[in-house]
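Data block for start_13.pdb (PDB, C-alpha atoms):
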MODEL        1
ATOM      1  CA  ALA A   1     -11.234 -15.427  14.023
ATOM      2  CA  ASN A   2     -11.887 -14.863  17.739
ATOM      3  CA  GLY A   3     -13.550 -11.561  16.938
ATOM      4  CA  ASP A   4     -10.564 -10.248  14.991
ATOM      5  CA  LEU A   5     -10.871  -9.099  11.386
ATOM      6  CA  ILE A   6      -8.968 -10.954   8.667
ATOM      7  CA  GLY A   7      -7.950  -9.122   5.510
ATOM      8  CA  LEU A   8      -5.483  -8.764   2.666
ATOM      9  CA  TRP A   9      -2.839  -6.034   2.655
ATOM     10  CA  LEU A  10      -2.064  -5.452  -1.001
ATOM     11  CA  ASP A  11       0.937  -3.171  -0.504
ATOM     12  CA  THR A  12       2.796  -5.882   1.398
ATOM     13  CA  HIS A  13       1.304  -8.901  -0.416
ATOM     14  CA  SER A  14       0.193 -10.406   2.885
ATOM     15  CA  VAL A  15      -2.682 -11.828   4.923
ATOM     16  CA  VAL A  16      -3.243  -9.745   8.036
ATOM     17  CA  LYS A  17      -5.290  -9.672  11.209
ATOM     18  CA  PHE A  18      -6.812  -6.575  12.813
ATOM     19  CA  ASN A  19      -7.592  -6.551  16.510
ATOM     20  CA  ARG A  20     -11.258  -5.610  16.724
ATOM     21  CA  THR A  21     -10.733  -3.568  19.896
ATOM     22  CA  THR A  22      -7.458  -1.749  19.254
ATOM     23  CA  GLY A  23      -7.287  -1.834  15.461
ATOM     24  CA  ASP A  24      -3.712  -3.102  15.646
ATOM     25  CA  ARG A  25      -2.594  -4.962  12.521
ATOM     26  CA  THR A  26      -0.425  -8.082  12.607
ATOM     27  CA  THR A  27       0.788 -10.241   9.719
ATOM     28  CA  ILE A  28      -0.463 -13.822   9.602
ATOM     29  CA  ALA A  29       1.477 -14.752   6.471
ATOM     30  CA  GLY A  30       3.457 -13.019   3.760
ATOM     31  CA  SER A  31       7.041 -11.859   3.478
ATOM     32  CA  GLY A  32       6.169  -8.357   2.306
ATOM     33  CA  THR A  33       7.604  -9.041  -1.146
ATOM     34  CA  ALA A  34       5.669 -10.412  -4.116
ATOM     35  CA  GLY A  35       6.143 -14.154  -4.615
ATOM     36  CA  SER A  36       4.391 -17.505  -4.555
ATOM     37  CA  VAL A  37       6.380 -19.502  -2.023
ATOM     38  CA  ASP A  38       4.586 -21.894   0.322
ATOM     39  CA  GLY A  39       5.769 -21.856   3.895
ATOM     40  CA  TYR A  40       4.985 -20.517   7.327
ATOM     41  CA  GLY A  41       4.323 -16.947   8.413
ATOM     42  CA  THR A  42       6.656 -14.408   6.876
ATOM     43  CA  SER A  43       8.664 -17.119   5.114
ATOM     44  CA  ALA A  44       5.706 -17.583   2.736
ATOM     45  CA  SER A  45       4.919 -15.082  -0.004
ATOM     46  CA  PHE A  46       1.927 -13.923  -2.042
ATOM     47  CA  ASN A  47       1.692 -12.140  -5.367
ATOM     48  CA  ASP A  48      -1.126  -9.603  -5.622
ATOM     49  CA  PRO A  49      -3.651 -11.305  -3.310
ATOM     50  CA  ARG A  50      -7.173 -10.234  -4.277
ATOM     51  CA  GLY A  51      -9.802 -12.640  -2.928
ATOM     52  CA  LEU A  52     -10.371 -13.965   0.591
ATOM     53  CA  ALA A  53     -12.898 -16.380   2.053
ATOM     54  CA  ILE A  54     -12.983 -18.171   5.392
ATOM     55  CA  GLY A  55     -13.903 -21.844   5.281
ATOM     56  CA  SER A  56     -15.951 -23.823   7.775
ATOM     57  CA  ASP A  57     -12.640 -25.419   8.771
ATOM     58  CA  GLY A  58     -11.436 -22.028  10.002
ATOM     59  CA  ASN A  59      -8.779 -21.707   7.309
ATOM     60  CA  TYR A  60      -8.394 -18.690   5.032
ATOM     61  CA  TYR A  61      -8.604 -19.254   1.269
ATOM     62  CA  VAL A  62      -6.810 -16.630  -0.793
ATOM     63  CA  THR A  63      -6.690 -15.980  -4.540
ATOM     64  CA  GLN A  64      -3.646 -14.346  -6.058
ATOM     65  CA  PHE A  65      -1.751 -14.207  -9.353
ATOM     66  CA  GLY A  66      -2.783 -17.477 -11.044
ATOM     67  CA  MET A  67      -3.251 -19.468  -7.835
ATOM     68  CA  VAL A  68      -5.525 -20.397  -4.932
ATOM     69  CA  ARG A  69      -3.766 -20.706  -1.559
ATOM     70  CA  VAL A  70      -4.905 -21.917   1.859
ATOM     71  CA  VAL A  71      -3.660 -20.262   5.036
ATOM     72  CA  THR A  72      -4.185 -21.722   8.490
ATOM     73  CA  PRO A  73      -4.875 -19.359  11.419
ATOM     74  CA  GLY A  74      -1.356 -20.198  12.575
ATOM     75  CA  GLY A  75       0.136 -18.946   9.296
ATOM     76  CA  ALA A  76       0.950 -22.120   7.351
ATOM     77  CA  VAL A  77       0.528 -21.440   3.604
ATOM     78  CA  ARG A  78      -0.035 -24.055   0.906
ATOM     79  CA  THR A  79      -1.005 -23.802  -2.778
ATOM     80  CA  ILE A  80      -4.082 -25.905  -3.562
ATOM     81  CA  SER A  81      -4.799 -24.972  -7.192
ATOM     82  CA  GLY A  82      -3.045 -23.246 -10.079
ATOM     83  CA  SER A  83       0.533 -22.128 -10.560
ATOM     84  CA  THR A  84       2.623 -19.154 -11.630
ATOM     85  CA  SER A  85       2.109 -20.293 -15.251
ATOM     86  CA  THR A  86      -0.989 -18.313 -16.229
ATOM     87  CA  GLY A  87      -3.013 -18.110 -19.426
ATOM     88  CA  SER A  88      -6.055 -19.893 -20.784
ATOM     89  CA  ALA A  89      -8.348 -21.670 -18.343
ATOM     90  CA  ILE A  90      -7.277 -25.308 -17.994
ATOM     91  CA  ASN A  91      -9.176 -27.625 -15.670
ATOM     92  CA  GLY A  92      -7.313 -30.254 -13.709
ATOM     93  CA  LEU A  93      -6.147 -31.573 -10.375
ATOM     94  CA  ASP A  94      -4.189 -29.566  -7.827
ATOM     95  CA  CYS A  95      -1.490 -27.411  -9.430
ATOM     96  CA  THR A  96      -2.074 -28.762 -12.942
ATOM     97  CA  ALA A  97      -5.071 -26.405 -13.208
ATOM     98  CA  ARG A  98      -4.410 -23.073 -14.905
ATOM     99  CA  TYR A  99      -5.995 -19.668 -14.390
ATOM    100  CA  GLY A 100      -5.550 -16.223 -15.850
ATOM    101  CA  ALA A 101      -3.297 -13.833 -13.962
ATOM    102  CA  ASN A 102      -6.151 -11.897 -12.354
ATOM    103  CA  ILE A 103      -8.216 -14.061 -10.002
ATOM    104  CA  MET A 104     -10.450 -11.426  -8.484
ATOM    105  CA  GLY A 105     -12.411 -13.272  -5.806
ATOM    106  CA  ILE A 106     -13.494 -16.478  -4.124
ATOM    107  CA  ALA A 107     -16.636 -17.681  -2.356
ATOM    108  CA  ILE A 108     -17.306 -20.921  -0.483
ATOM    109  CA  SER A 109     -20.684 -22.672  -0.566
ATOM    110  CA  SER A 110     -22.355 -24.482   2.327
ATOM    111  CA  THR A 111     -21.138 -27.758   0.808
ATOM    112  CA  GLY A 112     -17.527 -26.580   0.855
ATOM    113  CA  ASP A 113     -17.153 -26.074  -2.902
ATOM    114  CA  MET A 114     -15.222 -22.959  -3.880
ATOM    115  CA  PHE A 115     -16.145 -20.604  -6.699
ATOM    116  CA  VAL A 116     -13.307 -18.537  -8.113
ATOM    117  CA  SER A 117     -13.601 -15.520 -10.433
ATOM    118  CA  ASP A 118     -11.095 -16.036 -13.263
ATOM    119  CA  ASN A 119     -11.345 -12.477 -14.534
ATOM    120  CA  ASP A 120      -9.006 -12.738 -17.526
ATOM    121  CA  ASN A 121     -10.735 -15.816 -18.906
ATOM    122  CA  GLY A 122     -14.283 -14.620 -18.184
ATOM    123  CA  THR A 123     -15.162 -17.720 -16.192
ATOM    124  CA  ILE A 124     -16.280 -18.819 -12.760
ATOM    125  CA  ARG A 125     -14.187 -21.825 -11.778
ATOM    126  CA  LYS A 126     -15.373 -24.462  -9.318
ATOM    127  CA  LEU A 127     -12.790 -25.913  -6.961
ATOM    128  CA  SER A 128     -13.721 -29.051  -5.025
ATOM    129  CA  LEU A 129     -11.333 -30.090  -2.284
ATOM    130  CA  GLY A 130     -10.482 -33.701  -1.552
ATOM    131  CA  THR A 131      -7.584 -36.100  -1.685
ATOM    132  CA  LEU A 132      -7.005 -34.418  -5.049
ATOM    133  CA  ASN A 133      -8.309 -30.885  -5.532
ATOM    134  CA  GLN A 134     -10.406 -30.744  -8.701
ATOM    135  CA  THR A 135     -10.791 -27.487 -10.620
ATOM    136  CA  GLY A 136     -13.482 -27.216 -13.306
ATOM    137  CA  THR A 137     -15.367 -24.511 -15.218
ATOM    138  CA  PHE A 138     -18.696 -23.605 -13.626
ATOM    139  CA  ALA A 139     -19.946 -20.711 -15.763
ATOM    140  CA  SER A 140     -18.919 -17.913 -18.126
ATOM    141  CA  LEU A 141     -19.240 -14.193 -17.384
ATOM    142  CA  THR A 142     -17.606 -11.027 -18.703
ATOM    143  CA  ARG A 143     -14.856  -9.912 -16.296
ATOM    144  CA  PRO A 144     -16.284 -11.426 -13.088
ATOM    145  CA  TYR A 145     -15.266 -10.036  -9.717
ATOM    146  CA  GLN A 146     -15.883 -11.109  -6.111
ATOM    147  CA  PRO A 147     -18.656 -13.744  -5.891
ATOM    148  CA  VAL A 148     -20.849 -14.537  -2.905
ATOM    149  CA  THR A 149     -23.070 -17.533  -2.121
ATOM    150  CA  ASP A 150     -26.321 -17.902  -0.235
ATOM    151  CA  GLY A 151     -27.748 -20.736   1.836
ATOM    152  CA  PHE A 152     -29.534 -22.229  -1.166
ATOM    153  CA  GLY A 153     -26.478 -22.889  -3.332
ATOM    154  CA  ASN A 154     -26.934 -19.832  -5.548
ATOM    155  CA  ILE A 155     -23.937 -17.691  -6.513
ATOM    156  CA  TYR A 156     -24.034 -13.946  -7.146
ATOM    157  CA  VAL A 157     -21.296 -12.282  -9.194
ATOM    158  CA  GLY A 158     -20.751  -8.720 -10.333
ATOM    159  CA  SER A 159     -19.690  -8.209 -13.949
ATOM    160  CA  TYR A 160     -17.280  -5.301 -14.323
ATOM    161  CA  SER A 161     -17.830  -4.841 -18.065
ATOM    162  CA  GLY A 162     -21.405  -6.160 -18.096
ATOM    163  CA  ASN A 163     -22.628  -3.593 -15.529
ATOM    164  CA  ALA A 164     -24.899  -6.132 -13.879
ATOM    165  CA  VAL A 165     -25.099  -8.761 -11.159
ATOM    166  CA  THR A 166     -25.734 -12.309 -12.344
ATOM    167  CA  ARG A 167     -27.251 -15.090 -10.263
ATOM    168  CA  PHE A 168     -26.153 -18.648 -10.949
ATOM    169  CA  SER A 169     -28.222 -21.563  -9.717
ATOM    170  CA  PRO A 170     -26.445 -24.590  -8.206
ATOM    171  CA  ASN A 171     -26.427 -26.267 -11.644
ATOM    172  CA  GLY A 172     -24.859 -23.217 -13.318
ATOM    173  CA  ALA A 173     -27.958 -21.720 -14.962
ATOM    174  CA  ALA A 174     -27.522 -17.946 -15.221
ATOM    175  CA  SER A 175     -30.026 -15.112 -14.903
ATOM    176  CA  ILE A 176     -29.526 -11.360 -14.559
ATOM    177  CA  LEU A 177     -30.561 -10.371 -11.043
ATOM    178  CA  VAL A 178     -30.118  -6.613 -11.408
ATOM    179  CA  GLY A 179     -28.635  -4.257 -13.952
ATOM    180  CA  SER A 180     -29.542  -3.308 -17.503
ATOM    181  CA  GLY A 181     -26.059  -3.877 -18.903
ATOM    182  CA  THR A 182     -25.626  -0.152 -19.605
ATOM    183  CA  ALA A 183     -23.343   1.922 -17.389
ATOM    184  CA  GLY A 184     -25.183   4.268 -15.062
ATOM    185  CA  GLY A 185     -26.357   4.899 -11.531
ATOM    186  CA  ALA A 186     -30.147   4.618 -11.684
ATOM    187  CA  ASN A 187     -31.949   2.906  -8.832
ATOM    188  CA  GLY A 188     -34.900   0.648  -9.499
ATOM    189  CA  ALA A 189     -36.073  -2.931  -9.639
ATOM    190  CA  GLY A 190     -34.226  -5.679 -11.462
ATOM    191  CA  THR A 191     -32.941  -4.756 -14.895
ATOM    192  CA  ALA A 192     -34.378  -1.233 -14.629
ATOM    193  CA  ALA A 193     -31.414  -0.362 -12.406
ATOM    194  CA  THR A 194     -28.014   0.527 -13.828
ATOM    195  CA  PHE A 195     -24.482   0.031 -12.497
ATOM    196  CA  ASN A 196     -21.119   1.466 -13.421
ATOM    197  CA  SER A 197     -18.585  -1.396 -13.288
ATOM    198  CA  ALA A 198     -20.148  -3.725 -10.720
ATOM    199  CA  SER A 199     -17.336  -5.476  -8.874
ATOM    200  CA  GLY A 200     -17.360  -6.810  -5.295
ATOM    201  CA  VAL A 201     -20.504  -8.403  -3.858
ATOM    202  CA  ILE A 202     -21.262  -9.259  -0.227
ATOM    203  CA  ARG A 203     -24.452 -10.539   1.423
ATOM    204  CA  ASP A 204     -25.848  -9.839   4.882
ATOM    205  CA  GLU A 205     -27.841 -12.154   7.152
ATOM    206  CA  LEU A 206     -31.138 -10.708   5.876
ATOM    207  CA  GLY A 207     -30.347 -11.617   2.275
ATOM    208  CA  ASN A 208     -29.492  -8.108   1.079
ATOM    209  CA  LEU A 209     -26.609  -7.765  -1.374
ATOM    210  CA  TYR A 210     -24.139  -4.887  -1.369
ATOM    211  CA  ILE A 211     -22.406  -4.107  -4.656
ATOM    212  CA  ALA A 212     -19.244  -2.041  -4.984
ATOM    213  CA  GLU A 213     -19.070   0.006  -8.182
ATOM    214  CA  HIS A 214     -15.488   0.466  -9.293
ATOM    215  CA  ALA A 215     -16.083   3.285 -11.762
ATOM    216  CA  GLY A 216     -19.154   4.689 -10.009
ATOM    217  CA  ASN A 217     -17.401   4.979  -6.614
ATOM    218  CA  ARG A 218     -20.617   3.921  -4.903
ATOM    219  CA  ILE A 219     -22.023   1.027  -2.906
ATOM    220  CA  ARG A 220     -25.466  -0.148  -3.985
ATOM    221  CA  LYS A 221     -27.888  -2.256  -1.974
ATOM    222  CA  VAL A 222     -30.069  -4.960  -3.524
ATOM    223  CA  SER A 223     -33.001  -6.204  -1.459
ATOM    224  CA  PRO A 224     -34.125  -9.863  -1.591
ATOM    225  CA  ALA A 225     -36.957  -8.655  -3.852
ATOM    226  CA  GLY A 226     -34.433  -7.199  -6.321
ATOM    227  CA  LEU A 227     -34.869  -3.508  -5.534
ATOM    228  CA  VAL A 228     -31.684  -1.496  -6.034
ATOM    229  CA  THR A 229     -30.973   1.566  -3.902
ATOM    230  CA  THR A 230     -27.842   3.620  -3.263
ATOM    231  CA  PHE A 231     -26.291   2.633   0.070
ATOM    232  CA  VAL A 232     -23.160   4.848  -0.024
ATOM    233  CA  ALA A 233     -23.349   7.702  -2.526
ATOM    234  CA  SER A 234     -19.656   8.443  -2.874
ATOM    235  CA  LEU A 235     -16.420   6.714  -1.911
ATOM    236  CA  SER A 236     -14.129   9.329  -3.440
TER     237      SER A 236
ENDMDL
END
Reformat the file's structure so that it appears as structure tokens.
Amino acid sequence: ANGDLIGLWLDTHSVVKFNRTTGDRTTIAGSGTAGSVDGYGTSASFNDPRGLAIGSDGNYYVTQFGMVRVVTPGGAVRTISGSTSTGSAINGLDCTARYGANIMGIAISSTGDMFVSDNDNGTIRKLSLGTLNQTGTFASLTRPYQPVTDGFGNIYVGSYSGNAVTRFSPNGAASILVGSGTAGGANGAGTAATFNSASGVIRDELGNLYIAEHAGNRIRKVSPAGLVTTFVASLS
């Protein structure tokens, strides 16, 4: 976004922009009060926004309580999937789709498909945009958090309760990339490593993954070869 940083400000339920030089924060969209109203700028509202991804179209895609929203750089907000009626995962078009209340993250593939972590329902949902926006179930995973994609169509997701990072192939086949499934903080290769509530995942341009541990208060680094090391020892 012209060198600026785009983020979510949870306290004010808003999408914000930080000037990279000065650090000044401005609101792109969000009234400051929890809600789910489409609109423009501060006339729109969000309810507990948790996931953010920037599309190739330059728009910002945000997950919140039961919904996926799109925000233009100019601040126009529109709901593209889900509604304020949350519960069991229901696939469907546009706002007929249903999610759990806690949608913890979103990632966008090179083909433009979106993968959404439906934490409450233990599923990764696939959202394909078009004349009608189609939401389906891509894969199942225990309490998934922020996913990330690579250039080959694979998806990497941290499992909060599973204490591991799972890799999904483009067809949805799952394999454990790293993590034994037991809570801990041991470094090592593949499933010899342990995590304590793996949550957010990001990927750098060299193919390394960085995993935030919610309960461990650490950031772990996973090399392309699957070697886990501690990147930040303590966030407390």
What do you get, as a list in words, if you spell out every residue that the PyMOL selection byres ((chain A and resi 116) around 9) selects here? Gly51, Thr63, Val68, Ile103, Met104, Gly105, Ile106, Ala107, Ile108, Met114, Phe115, Ser117, Asp118, Thr123, Ile124, Arg125, Lys126, Leu127, Tyr145, Gln146 and Pro147 of chain A
Expand the PyMOL selection byres ((chain A and resi 55) around 10) into the explicit residue set it covers here, and present it as JSON, numbers by chain.
{"A": [52, 53, 54, 56, 57, 58, 59, 60, 61, 70, 107, 108, 109, 110, 112, 113, 114]}
How would the residues just chosen look if you wrote them out with C-alpha atoms as a PDB file, in the coordinates of the input?
ATOM      1  CA  LEU A  52     -10.371 -13.965   0.591  1.00  0.00           C
ATOM      2  CA  ALA A  53     -12.898 -16.380   2.053  1.00  0.00           C
ATOM      3  CA  ILE A  54     -12.983 -18.171   5.392  1.00  0.00           C
ATOM      4  CA  SER A  56     -15.951 -23.823   7.775  1.00  0.00           C
ATOM      5  CA  ASP A  57     -12.640 -25.419   8.771  1.00  0.00           C
ATOM      6  CA  GLY A  58     -11.436 -22.028  10.002  1.00  0.00           C
ATOM      7  CA  ASN A  59      -8.779 -21.707   7.309  1.00  0.00           C
ATOM      8  CA  TYR A  60      -8.394 -18.690   5.032  1.00  0.00           C
ATOM      9  CA  TYR A  61      -8.604 -19.254   1.269  1.00  0.00           C
ATOM     10  CA  VAL A  70      -4.905 -21.917   1.859  1.00  0.00           C
ATOM     11  CA  ALA A 107     -16.636 -17.681  -2.356  1.00  0.00           C
ATOM     12  CA  ILE A 108     -17.306 -20.921  -0.483  1.00  0.00           C
ATOM     13  CA  SER A 109     -20.684 -22.672  -0.566  1.00  0.00           C
ATOM     14  CA  SER A 110     -22.355 -24.482   2.327  1.00  0.00           C
ATOM     15  CA  GLY A 112     -17.527 -26.580   0.855  1.00  0.00           C
ATOM     16  CA  ASP A 113     -17.153 -26.074  -2.902  1.00  0.00           C
ATOM     17  CA  MET A 114     -15.222 -22.959  -3.880  1.00  0.00           C
TER      18      MET A 114
END
One decimal place gives the CA of Leu227 in chain A-CA of Ala193 in chain A separation as 8.3 Å
Pull out every residue that the PyMOL selection byres ((chain A and resi 178-185) around 8) matches in the shown coordinates and put them as a short mmCIF file (atom, residue, chain, number, x, y, z; two decimals) with C-alpha atoms, keeping the file's coordinate frame.
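Output file selection-v1.cif follows:
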data_model
loop_
_atom_site.label_atom_id
_atom_site.label_comp_id
_atom_site.auth_asym_id
_atom_site.auth_seq_id
_atom_site.Cartn_x
_atom_site.Cartn_y
_atom_site.Cartn_z
CA GLY A 162 -21.40 -6.16 -18.10
CA ASN A 163 -22.63 -3.59 -15.53
CA ALA A 164 -24.90 -6.13 -13.88
CA VAL A 165 -25.10 -8.76 -11.16
CA THR A 166 -25.73 -12.31 -12.34
CA ILE A 176 -29.53 -11.36 -14.56
CA LEU A 177 -30.56 -10.37 -11.04
CA ALA A 186 -30.15 4.62 -11.68
CA ASN A 187 -31.95 2.91 -8.83
CA ALA A 189 -36.07 -2.93 -9.64
CA GLY A 190 -34.23 -5.68 -11.46
CA THR A 191 -32.94 -4.76 -14.90
CA ALA A 192 -34.38 -1.23 -14.63
CA ALA A 193 -31.41 -0.36 -12.41
CA THR A 194 -28.01 0.53 -13.83
CA PHE A 195 -24.48 0.03 -12.50
CA ASN A 196 -21.12 1.47 -13.42
CA SER A 197 -18.58 -1.40 -13.29
CA GLY A 216 -19.15 4.69 -10.01
CA GLY A 226 -34.43 -7.20 -6.32
CA VAL A 228 -31.68 -1.50 -6.03
#
- Message: I'd like the interatomic distance between CA of Pro49 in chain A and CA of Gly87 in chain A, to a tenth of an Å.
- Response: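 About the pair CA of Pro49 in chain A and CA of Gly87 in chain A: they are 17.5 Å apart.
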key: Residue among A:Gly153, A:Pro73, A:Pro144, A:Gly30 lying closest to Asp11 in chain A, counting only C-alpha atoms   =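 Using only C-alpha atoms, the shortest distance to Asp11 in chain A belongs to A:Gly30.
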One decimal place gives the CA of Arg203 in chain A-CA of Phe152 in chain A separation as 13.0 Å
task = Show which residues sit within 7 Å of range 129-132 of chain A, as a VMD selection string. Count all atoms listed in the file, and ignore same-chain residues fewer than 2 positions away.
result = chain A and resid 93 to 94 127 134
Selected residues written out, C-alpha atoms, as a PDB file, keeping the file's coordinate frame:
ATOM      1  CA  LEU A  93      -6.147 -31.573 -10.375  1.00  0.00           C
ATOM      2  CA  ASP A  94      -4.189 -29.566  -7.827  1.00  0.00           C
ATOM      3  CA  LEU A 127     -12.790 -25.913  -6.961  1.00  0.00           C
ATOM      4  CA  GLN A 134     -10.406 -30.744  -8.701  1.00  0.00           C
TER       5      GLN A 134
END
Return the single residue from A:Ile219, A:Ile28, A:Ala34, A:Ala97 that is closest to Ala76 in chain A, with distances computed using all atoms listed in the file.
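Answer, going by the shortest atom-to-atom distance: A:Ile28.
Using all atoms listed in the file for every distance, the candidate list A:Ala89, A:Ile80, A:Ala139, A:Val222 yields A:Val222 as the residue closest to Leu209 in chain A.
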- Task: For each of A:Met67, A:Ala233, A:Cys95, A:Ala198, take the minimum atom-to-atom distance to Asn133 in chain A, counting all atoms listed in the file, then give the residue where this is smallest.
- Result: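 Answer, going by the shortest atom-to-atom distance: A:Cys95.
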Name the residues in contact with Ser45 in chain A at a cut-off of 7 Å, using all atoms listed in the file, excluding same-chain residues fewer than 3 positions from it; report them as a ChimeraX atom specification.
/A:30-31,33-38
Taking every listed atom of range 220-230 of chain A and adding 5 Å to each side, what centre and edge lengths in Å (one decimal) does the axis-aligned box have, as JSON?
{"center_x": -31.2, "center_y": -3.1, "center_z": -3.9, "size_x": 21.5, "size_y": 23.5, "size_z": 14.9}
Which residue, A:Asn102, A:Thr26, A:Thr137, A:Asn19, has the smallest gap to Leu5 in chain A when you use all atoms listed in the file?
->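 For Leu5 in chain A, the nearest of the given residues is A:Asn19.
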Excluding Gly100 in chain A and its own-chain neighbours fewer than 6 positions away, which residues fall within 8 Å of it when counting only C-alpha atoms? Please give them as a compact mmCIF listing (two decimals) with C-alpha atoms, in the frame of the given file.
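Output saved as selection_11.txt:
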# COMPACT_ATOMS: atom_id res chain seq x y z
CA PHE A 65 -1.75 -14.21 -9.35
CA GLY A 66 -2.78 -17.48 -11.04
CA THR A 86 -0.99 -18.31 -16.23
CA GLY A 87 -3.01 -18.11 -19.43
CA SER A 88 -6.06 -19.89 -20.78
CA ALA A 89 -8.35 -21.67 -18.34
CA ASP A 118 -11.10 -16.04 -13.26
CA ASN A 119 -11.34 -12.48 -14.53
CA ASP A 120 -9.01 -12.74 -17.53
CA ASN A 121 -10.74 -15.82 -18.91
